[in-house]
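K.L.:
Encoded as structure tokens, here's the structure I'll be asking about.
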Amino acid sequence: MAETLVTKYTAKDFKSDQEVRWCPGCGDHAVLSSVQRALAELGIPKEKFAFISGIGCSSRFPYYMDTYGFHSIHGRASAIASGVKTANPELSVWQITGDGDALAIGGNHFIHAIRRNIDINIILFNNEIYGLTKGQYSPTSTKGLVTKTSPFGTLEEPFSVGELVIGAKGKFFARTLDTNVSLSTQIYIEAAGHKGTSVIEVLQNCVIFNDGIHDTVAGKDVRDDRTIILKHGQPMIFGTGNDKGLILEGLKLKVVKLGENGIAEKDILIHDALEPNPGIHYMLANMKYPEYPVALGVIREVSAPTYDRAVADQISTIQSTAKIKCMDDLLMSGSTWKVE
Amino acid sequence: MAKKSEVIEREEVVIRFSGDSGDGMQLTGTLFSDTAALFGNDLSTFPDYPAEIRAPQGTVGGVSGFQVHLGHSEINTPGDFSDVLVAMNPAAIKANAKWIKPGGTIIYDEGNFTEKNIEKAGYESHPIIEEKLDSYNIIAAPISAMVKEALKDYGLDPKSVLRTRNMFALGMVYWLFDRKLDYTEKYFDKKFHNKPGMADANKVVLRAGYYYAETIEALRPVYKILPAPIAKGTYRNINGNSATAWGFLAAAEKAGIKLFIGSYPITPATGILEELAARKDLGAISFQAEDEIAGICTALGSSFAGRLAITSTSGPGLALKSEAIGLAVMAELPIVIVNVQRGGPSTGLPTKTEQADLMQALYGRNGECPVVVIASSTPSDCFRFAYEAARIALEHMTPVLLLSDSYLANGTEPWRIPEMKDLPEINPPFADKNEIPFLPYKRDNVNLARSWAVPGTPGLEHRIGGLEKTVKGTVSYVPENHELMVNLRAEKIERVVNEIPDLVPYGATSGDVLVVGWGGSYGYLITAVRELQAEGHKVSLVNFNYINPLPKNVRDVFGKYKKILVCELNLGQFADYLRIKHQEFTYEQLNKVQGLPFTINDIKEKCIKMLEDK
């Protein structure tokens, strides 16, 4: 991927001529706008972006981007994006997916893309519901949720996206709110710079089938106290008056109040996103309200070799000393005999 | 010096090596056929092995065989009945008794015909007696005892010693066919270059077998098969899977683009993925995916990114890839899907051959979803048709389904090596840099292919996908537009007919019976038809490689014969397809679904019956 600033873009340059057809008030509009802002900041030539999606409301995303785009089939975007990036590591490949697309029908491809650490950026819109099929529960729906296919409440334990990513050996995991455009933009820029699979979970509101599902933690009036925005190298402090923080007590995280029981800022944990050991990242990614604030920001960002680069390197290493240079060489290699 | 044995010159001979799946029969057969090929024989081979890597030892289910047919004239099949059977255990007799030519030679390892093994194979008394084979040329060689003796000073454990039994048998066969040991000895040196002791042990055993055969003189007559008179050129032995892989590599080089294979291992197609994974020197990218679906989807991603996309599979895997093939049809991206057919349905007979995926290849998708379907017909022409499949996919911007089968995949034959400069050009329709705004579904007037704008090209940014589109690439649910696009996609495939060769019958262009086949049964059909013609019958053959679209002149060719017989290893799928496409003819059928190829007798008997029923 080109590192140098080639052209100066604005968010508008990434808008396609297609009319955006998501429902009015849908969280997807804000995600689109954050991504367009982020791309304008990256300095990557526009023709190098490829947006790959599966099926679902969010997967219409590529049509609204004036970049190369491929709207594929349900669940397979991770596999298609893996093919695009491995075939041409020079491209900046983005996968747009949802909780059903990535974690139900596409679960296998999702975990294997992460395991291989292919340099793609996966934006996972998590609204905890199937929207396009009009309101059935998803693999992230809270247990007990009443939907059209669970009229008496779901009986299933939901997946936590971060837990799954870390379990699949994920190196980059971040979480954001659809409505927080500035935080989201910043995270997308960071994800684009990270070499390897980046997963960004967007807590996204489905205004029709699951309206307000994230309001308990993300509602305007409560979110300062119920979420924490993690920043690498900064103490884990949150709350309306920056009055709360996280410490480690025994093997568990604990919420404390600054100034109470002699707790000072120096006692608060410093966020280290670069730490390879996933222990704390796992705990941070799994924090749930009301015991904890929900973690936003880049939770984990560990550098590791990428698959696409390794494939290209292996080929050039072998080619540098190979005896077979072209097809005619191969055809004549090994045991052959002449008939006169 | 051994006394001179009677040497019989034979036109062709069939040898079958048979033993437990752990006895190394595939290797023994391969070494023998390579040696024969280097001598200049034409040949055809057929490995026949169980699905289990190690089925219960000594049982008929665990028998692994390798048949070689060699001669000094053109050889098109591995042969029906063997002249020589090498049986490493009683179960090998059980599995092969009915496939030995009357009076043929049977070499067996006496030391392995214990009471226990005889019982395990399902015999009550000695297999030779029970199968009434005692009048045959029987050579009961104490192979186990001889290898133990030959290797007693080599300090090998008893298991390793007995593992060389196959090389003793091979040595005997080399003497029988008057072949040199040097190729096999070189093979040992290469294989055991880190363990010179093992190379020596194998050489000692190979020679022991050779000299044993010479000494006992029981082995007469000695067979001598002269080199086959074949076209000038440089030759090599090749199997169908390697030839397929090489055809793709050649197409990528000719088109000037990189090859990408996304695949998941599945018998009997895995050899294609393995061969391409080894070709990093030619820049091939291989991606062993997490499943069949990811196999085709990664390949399709690479196609979007401008590569020659390949995915290889067998029947069950093709079923899993259906939806993604539909996406490739809709997005109009080039990709070749190779289906190396095996016995079905479901897991079926994973290591056995069948041609029963034809309807799946033609129609097994949702919606109106036409693809080009091509079938290879011999191990070596897998190269040509893989190349052709890639050429059509790239130039017509369409998925192409290439059918091979287990018999072609594993069978080998000598192949006259082509030169790259003689292969047809491949020109993918890359979009012009100035095609701004780029219209993804704007088509070429002649073949209706859309242009290929590859990510990374400035100014040609566009979106494609599985939803119905207008020419601009805009999603459209307009009824008339859908119908227009469905028709255009169908017409695009039909126009491929303008580039495929006409059918040319083998034999007279009119007659009593036209034998019709497709794909891999070619070798048997042509051998049977050639024999029928030699006997004076008015029988000709056409074998189809292009299935969709069919060649233009089918009607002209078919109309010149009194009867048409469609032979295939399924219950009549191609015959039914012909009934749809050319309903003006009556088709008789010869079908077989035993996981085995036809025999020449199967075909001849049916033809003769048709000739008699006036």
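Order determines the names: the first chain of the structure tokens is A, the second B, and so forth; residues in each chain are numbered 1 upward, and ligands are numbered 1 upward as they are shown.
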Report as a ChimeraX atom specification all protein, DNA and RNA residues lying within 9 Å of Gly343 of chain B, evaluated on only C-alpha atoms, omitting residues in the same chain fewer than 2 positions from it.

P.N.:
/B:315,341,345-356,406,593-595

K.L.:
Could you find all residues in segment 13-163 of chain A that DSSP calls helix (DSSP H, G or I) from the backbone, and write them as a PyMOL selection string?

P.N.:
chain A and resi 13-14+28-42+46-48+58-64+77-87+99-105+107-116+161-163

K.L.:
Any chance you can output those residues with C-alpha atoms as a PDB file, in the first residue's frame?

P.N.:
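Printed below is out_32.pdb as written:
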```
ATOM      1  CA  ASP A  13     -14.692  12.259  -3.221  1.00  0.00           C
ATOM      2  CA  PHE A  14     -15.681   8.860  -1.860  1.00  0.00           C
ATOM      3  CA  ASP A  28     -25.399   2.934   8.930  1.00  0.00           C
ATOM      4  CA  HIS A  29     -25.533   6.500   7.583  1.00  0.00           C
ATOM      5  CA  ALA A  30     -23.103   7.665  10.260  1.00  0.00           C
ATOM      6  CA  VAL A  31     -20.763   4.736   9.638  1.00  0.00           C
ATOM      7  CA  LEU A  32     -20.666   5.564   5.929  1.00  0.00           C
ATOM      8  CA  SER A  33     -19.836   9.143   6.660  1.00  0.00           C
ATOM      9  CA  SER A  34     -17.078   8.205   9.167  1.00  0.00           C
ATOM     10  CA  VAL A  35     -15.471   5.833   6.699  1.00  0.00           C
ATOM     11  CA  GLN A  36     -15.538   8.435   3.924  1.00  0.00           C
ATOM     12  CA  ARG A  37     -13.885  10.959   6.256  1.00  0.00           C
ATOM     13  CA  ALA A  38     -11.237   8.427   7.291  1.00  0.00           C
ATOM     14  CA  LEU A  39     -10.380   7.454   3.716  1.00  0.00           C
ATOM     15  CA  ALA A  40      -9.889  11.092   2.779  1.00  0.00           C
ATOM     16  CA  GLU A  41      -7.223  11.323   5.493  1.00  0.00           C
ATOM     17  CA  LEU A  42      -5.211   8.244   4.470  1.00  0.00           C
ATOM     18  CA  LYS A  46      -8.674   6.154  -4.511  1.00  0.00           C
ATOM     19  CA  GLU A  47      -8.253   3.375  -7.079  1.00  0.00           C
ATOM     20  CA  LYS A  48      -6.427   1.253  -4.497  1.00  0.00           C
ATOM     21  CA  SER A  58     -24.811  -3.038   5.967  1.00  0.00           C
ATOM     22  CA  SER A  59     -23.528  -4.992   2.983  1.00  0.00           C
ATOM     23  CA  ARG A  60     -25.110  -2.450   0.604  1.00  0.00           C
ATOM     24  CA  PHE A  61     -22.274  -0.178   1.721  1.00  0.00           C
ATOM     25  CA  PRO A  62     -19.961  -0.665  -1.324  1.00  0.00           C
ATOM     26  CA  TYR A  63     -22.613   0.758  -3.671  1.00  0.00           C
ATOM     27  CA  TYR A  64     -22.370   4.069  -1.836  1.00  0.00           C
ATOM     28  CA  ALA A  77     -17.048 -11.572   2.305  1.00  0.00           C
ATOM     29  CA  SER A  78     -14.088 -12.585   4.503  1.00  0.00           C
ATOM     30  CA  ALA A  79     -13.121 -15.269   1.997  1.00  0.00           C
ATOM     31  CA  ILE A  80     -13.537 -12.980  -1.006  1.00  0.00           C
ATOM     32  CA  ALA A  81     -11.625 -10.161   0.694  1.00  0.00           C
ATOM     33  CA  SER A  82      -8.883 -12.677   1.593  1.00  0.00           C
ATOM     34  CA  GLY A  83      -8.616 -13.607  -2.083  1.00  0.00           C
ATOM     35  CA  VAL A  84      -8.494  -9.971  -3.223  1.00  0.00           C
ATOM     36  CA  LYS A  85      -5.760  -9.038  -0.749  1.00  0.00           C
ATOM     37  CA  THR A  86      -3.662 -12.177  -1.282  1.00  0.00           C
ATOM     38  CA  ALA A  87      -3.915 -11.755  -5.043  1.00  0.00           C
ATOM     39  CA  ASP A  99     -23.419  -9.727  13.085  1.00  0.00           C
ATOM     40  CA  GLY A 100     -25.364 -12.325  11.079  1.00  0.00           C
ATOM     41  CA  ASP A 101     -23.135 -12.201   8.012  1.00  0.00           C
ATOM     42  CA  ALA A 102     -19.825 -12.464   9.886  1.00  0.00           C
ATOM     43  CA  LEU A 103     -20.703 -14.509  12.939  1.00  0.00           C
ATOM     44  CA  ALA A 104     -23.471 -16.892  11.806  1.00  0.00           C
ATOM     45  CA  ILE A 105     -23.315 -17.931   8.157  1.00  0.00           C
ATOM     46  CA  GLY A 107     -18.316 -17.545  11.080  1.00  0.00           C
ATOM     47  CA  ASN A 108     -15.857 -19.989   9.598  1.00  0.00           C
ATOM     48  CA  HIS A 109     -14.403 -17.532   7.088  1.00  0.00           C
ATOM     49  CA  PHE A 110     -14.307 -14.769   9.685  1.00  0.00           C
ATOM     50  CA  ILE A 111     -12.177 -16.693  12.190  1.00  0.00           C
ATOM     51  CA  HIS A 112      -9.847 -18.086   9.529  1.00  0.00           C
ATOM     52  CA  ALA A 113      -9.187 -14.682   7.962  1.00  0.00           C
ATOM     53  CA  ILE A 114      -8.250 -13.439  11.445  1.00  0.00           C
ATOM     54  CA  ARG A 115      -6.121 -16.517  12.183  1.00  0.00           C
ATOM     55  CA  ARG A 116      -4.141 -16.002   8.965  1.00  0.00           C
ATOM     56  CA  VAL A 161     -17.232 -10.090  18.995  1.00  0.00           C
ATOM     57  CA  GLY A 162     -14.029  -9.167  20.826  1.00  0.00           C
ATOM     58  CA  GLU A 163     -13.854 -12.498  22.600  1.00  0.00           C
TER      59      GLU A 163
END
```

K.L.:
Using backbone DSSP assignments, extract all strand (DSSP E) residues from segment 100-165 of chain B; output them as an MDAnalysis selection string.

P.N.:
chainID B and resid 100:109 137:141

K.L.:
Name all residues at most 8 Å from segment 92-103 of chain B (count only C-alpha atoms; drop same-chain ones fewer than 5 positions away) and give them as a list in words.

P.N.:
Ser18, Gly19, Asp20, Val60, Val63, Asp80, Phe81, Ser82, Asp83, Val84, Leu85, Ala87, Ala121, Gly122, Pro127, Ile128, Glu131, Ser135, Tyr136 and Asn137 of chain B

K.L.:
Just C-alpha atoms for this one: save the residues we selected as a PDB file, in the first residue's frame.

P.N.:
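For reference, selection-v3.pdb as written:
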```
ATOM      1  CA  SER B  18      -1.977 -55.867  -6.325  1.00  0.00           C
ATOM      2  CA  GLY B  19      -1.560 -56.079  -2.576  1.00  0.00           C
ATOM      3  CA  ASP B  20      -2.484 -54.575   0.738  1.00  0.00           C
ATOM      4  CA  VAL B  60     -10.369 -57.567   0.187  1.00  0.00           C
ATOM      5  CA  VAL B  63      -6.600 -54.240  -1.654  1.00  0.00           C
ATOM      6  CA  ASP B  80      -9.568 -54.884 -19.124  1.00  0.00           C
ATOM      7  CA  PHE B  81      -7.865 -58.179 -18.293  1.00  0.00           C
ATOM      8  CA  SER B  82      -4.317 -58.623 -17.090  1.00  0.00           C
ATOM      9  CA  ASP B  83      -1.705 -60.920 -18.598  1.00  0.00           C
ATOM     10  CA  VAL B  84       0.328 -60.792 -15.433  1.00  0.00           C
ATOM     11  CA  LEU B  85      -0.949 -60.420 -11.898  1.00  0.00           C
ATOM     12  CA  ALA B  87      -0.427 -60.704  -5.835  1.00  0.00           C
ATOM     13  CA  ALA B 121      -9.460 -63.013   2.316  1.00  0.00           C
ATOM     14  CA  GLY B 122     -12.572 -65.176   2.603  1.00  0.00           C
ATOM     15  CA  PRO B 127      -6.935 -69.351  -3.324  1.00  0.00           C
ATOM     16  CA  ILE B 128      -5.307 -70.711  -6.503  1.00  0.00           C
ATOM     17  CA  GLU B 131     -10.422 -69.940  -7.941  1.00  0.00           C
ATOM     18  CA  SER B 135      -3.740 -74.368 -14.882  1.00  0.00           C
ATOM     19  CA  TYR B 136      -2.425 -70.803 -15.204  1.00  0.00           C
ATOM     20  CA  ASN B 137       1.248 -69.907 -15.241  1.00  0.00           C
TER      21      ASN B 137
END
```

K.L.:
Calculate how many Å separate atom CA of Pro428 of chain B from atom CA of Cys297 of chain B, rounding to one decimal.

P.N.:
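Atom CA of Pro428 of chain B sits 20.7 Å away from atom CA of Cys297 of chain B.
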
K.L.:
Give me the residues near Tyr123 of chain B as a PDB file with N, CA and C atoms, in the first residue's frame, where near means some atom within 9 Å (using only C-alpha atoms) and where sequence neighbours in that chain fewer than 5 positions away do not count.

P.N.:
```pdb
ATOM      1  N   PRO B  90      -3.336 -63.122  -0.278  1.00  0.00           N
ATOM      2  CA  PRO B  90      -4.498 -63.851  -0.809  1.00  0.00           C
ATOM      3  C   PRO B  90      -5.650 -62.923  -1.201  1.00  0.00           C
ATOM      4  N   ALA B  91      -5.822 -61.812  -0.468  1.00  0.00           N
ATOM      5  CA  ALA B  91      -6.924 -60.895  -0.792  1.00  0.00           C
ATOM      6  C   ALA B  91      -6.761 -60.326  -2.197  1.00  0.00           C
ATOM      7  N   LYS B  94      -8.314 -62.661  -4.495  1.00  0.00           N
ATOM      8  CA  LYS B  94      -9.769 -62.551  -4.377  1.00  0.00           C
ATOM      9  C   LYS B  94     -10.290 -61.374  -5.202  1.00  0.00           C
ATOM     10  N   ASN B 117      -4.121 -65.506   6.666  1.00  0.00           N
ATOM     11  CA  ASN B 117      -4.371 -64.553   5.573  1.00  0.00           C
ATOM     12  C   ASN B 117      -5.365 -65.092   4.559  1.00  0.00           C
ATOM     13  N   ILE B 118      -5.285 -66.415   4.330  1.00  0.00           N
ATOM     14  CA  ILE B 118      -6.210 -67.045   3.387  1.00  0.00           C
ATOM     15  C   ILE B 118      -7.634 -66.914   3.913  1.00  0.00           C
ATOM     16  N   GLU B 130      -9.021 -72.781  -5.158  1.00  0.00           N
ATOM     17  CA  GLU B 130     -10.423 -72.391  -5.016  1.00  0.00           C
ATOM     18  C   GLU B 130     -10.914 -71.561  -6.213  1.00  0.00           C
TER      19      GLU B 130
END
```

K.L.:
With only C-alpha atoms as the basis for distance, which of B:Met330, B:Glu419, B:Asn194, B:Glu115 is at the shortest distance from Ala250 of chain B?

P.N.:
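Closest candidate: B:Glu419.
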
K.L.:
Find the distance between atom CA of Lys231 of chain A and atom CA of Leu91 of chain A and write it in Å to one decimal.

P.N.:
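About the pair atom CA of Lys231 of chain A and atom CA of Leu91 of chain A: they are 28.0 Å apart.
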
K.L.:
Of the residues A:Ala322, A:Ile96, A:Ile118, A:Ile200, which is the one nearest to Val165 of chain A, using only C-alpha atoms?

P.N.:
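Once distances to Val165 of chain A are computed over only C-alpha atoms, the minimum belongs to A:Ile200.
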
K.L.:
Hey, can you check how far atom CA of Ile608 of chain B sits from atom CA of Tyr546 of chain B?

P.N.:
27.9 Å

K.L.:
Could you check which of B:Ile257, B:Ile266, B:Leu403, B:Val68 is closest to chain A, using only C-alpha atoms?

P.N.:
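Using only C-alpha atoms, chain A sits closest to B:Ile257.
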
K.L.:
Please list as an MDAnalysis selection string every residue within 8 Å of Ile293 of chain B, counting only C-alpha atoms and excluding residues in the same chain fewer than 3 positions away.

P.N.:
(chainID A and resid 76) or (chainID B and resid 296:297 320:321 324)

K.L.:
Per residue of segment 360-473 of chain B within 7 Å of segment 236-239 of chain B, what are the shortest atom pair and its distance in Å to one decimal, counting only C-alpha atoms, with rows by chain and residue number, as a tab-separated table?

P.N.:
```
residue	atom	partner	partner_atom	distance
B:Pro379	CA	B:Asn239	CA	5.2
B:Ser380	CA	B:Ile238	CA	6.3
B:Ala409	CA	B:Asn239	CA	6.1
B:Asn410	CA	B:Asn239	CA	5.7
B:Gly411	CA	B:Asn239	CA	5.3
B:Thr412	CA	B:Asn239	CA	4.1
B:Glu413	CA	B:Asn237	CA	5.4
B:Pro414	CA	B:Asn237	CA	4.3
B:Trp415	CA	B:Arg236	CA	5.4
B:Arg416	CA	B:Arg236	CA	6.7
B:Ile417	CA	B:Arg236	CA	6.9
```

K.L.:
For segment 451-467 of chain B, find every residue with an atom within 6 Å (counting only C-alpha atoms), except residues of its own chain fewer than 6 positions away, and show them as a VMD selection string.

P.N.:
(chain A and resid 47 to 48 67 to 72) or (chain B and resid 305 to 306 327 330 to 331 429 to 431 438)

K.L.:
With only C-alpha atoms as the basis for distance, which of A:Ala11, A:Val146, A:Ala218, A:Val199 is at the shortest distance from Gly170 of chain A?

P.N.:
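For Gly170 of chain A, the nearest of the candidates is A:Val199.
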
K.L.:
Skipping near chain neighbours, those fewer than 6 positions away, what residues fall within 12 Å of Tyr282 of chain A using only C-alpha atoms, listed as a list in words?

P.N.:
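The residues satisfying every condition are Ser160, Val161, Gly162, Glu163, Leu164, Val165, Ile166, Gly167, Ala168, Lys169, Gly170, Lys171, Phe172, Phe173, Ala174, Lys252, Leu253, Ala273, Glu275, Pro276, Ala295, Ile299 and Arg300 of chain A.
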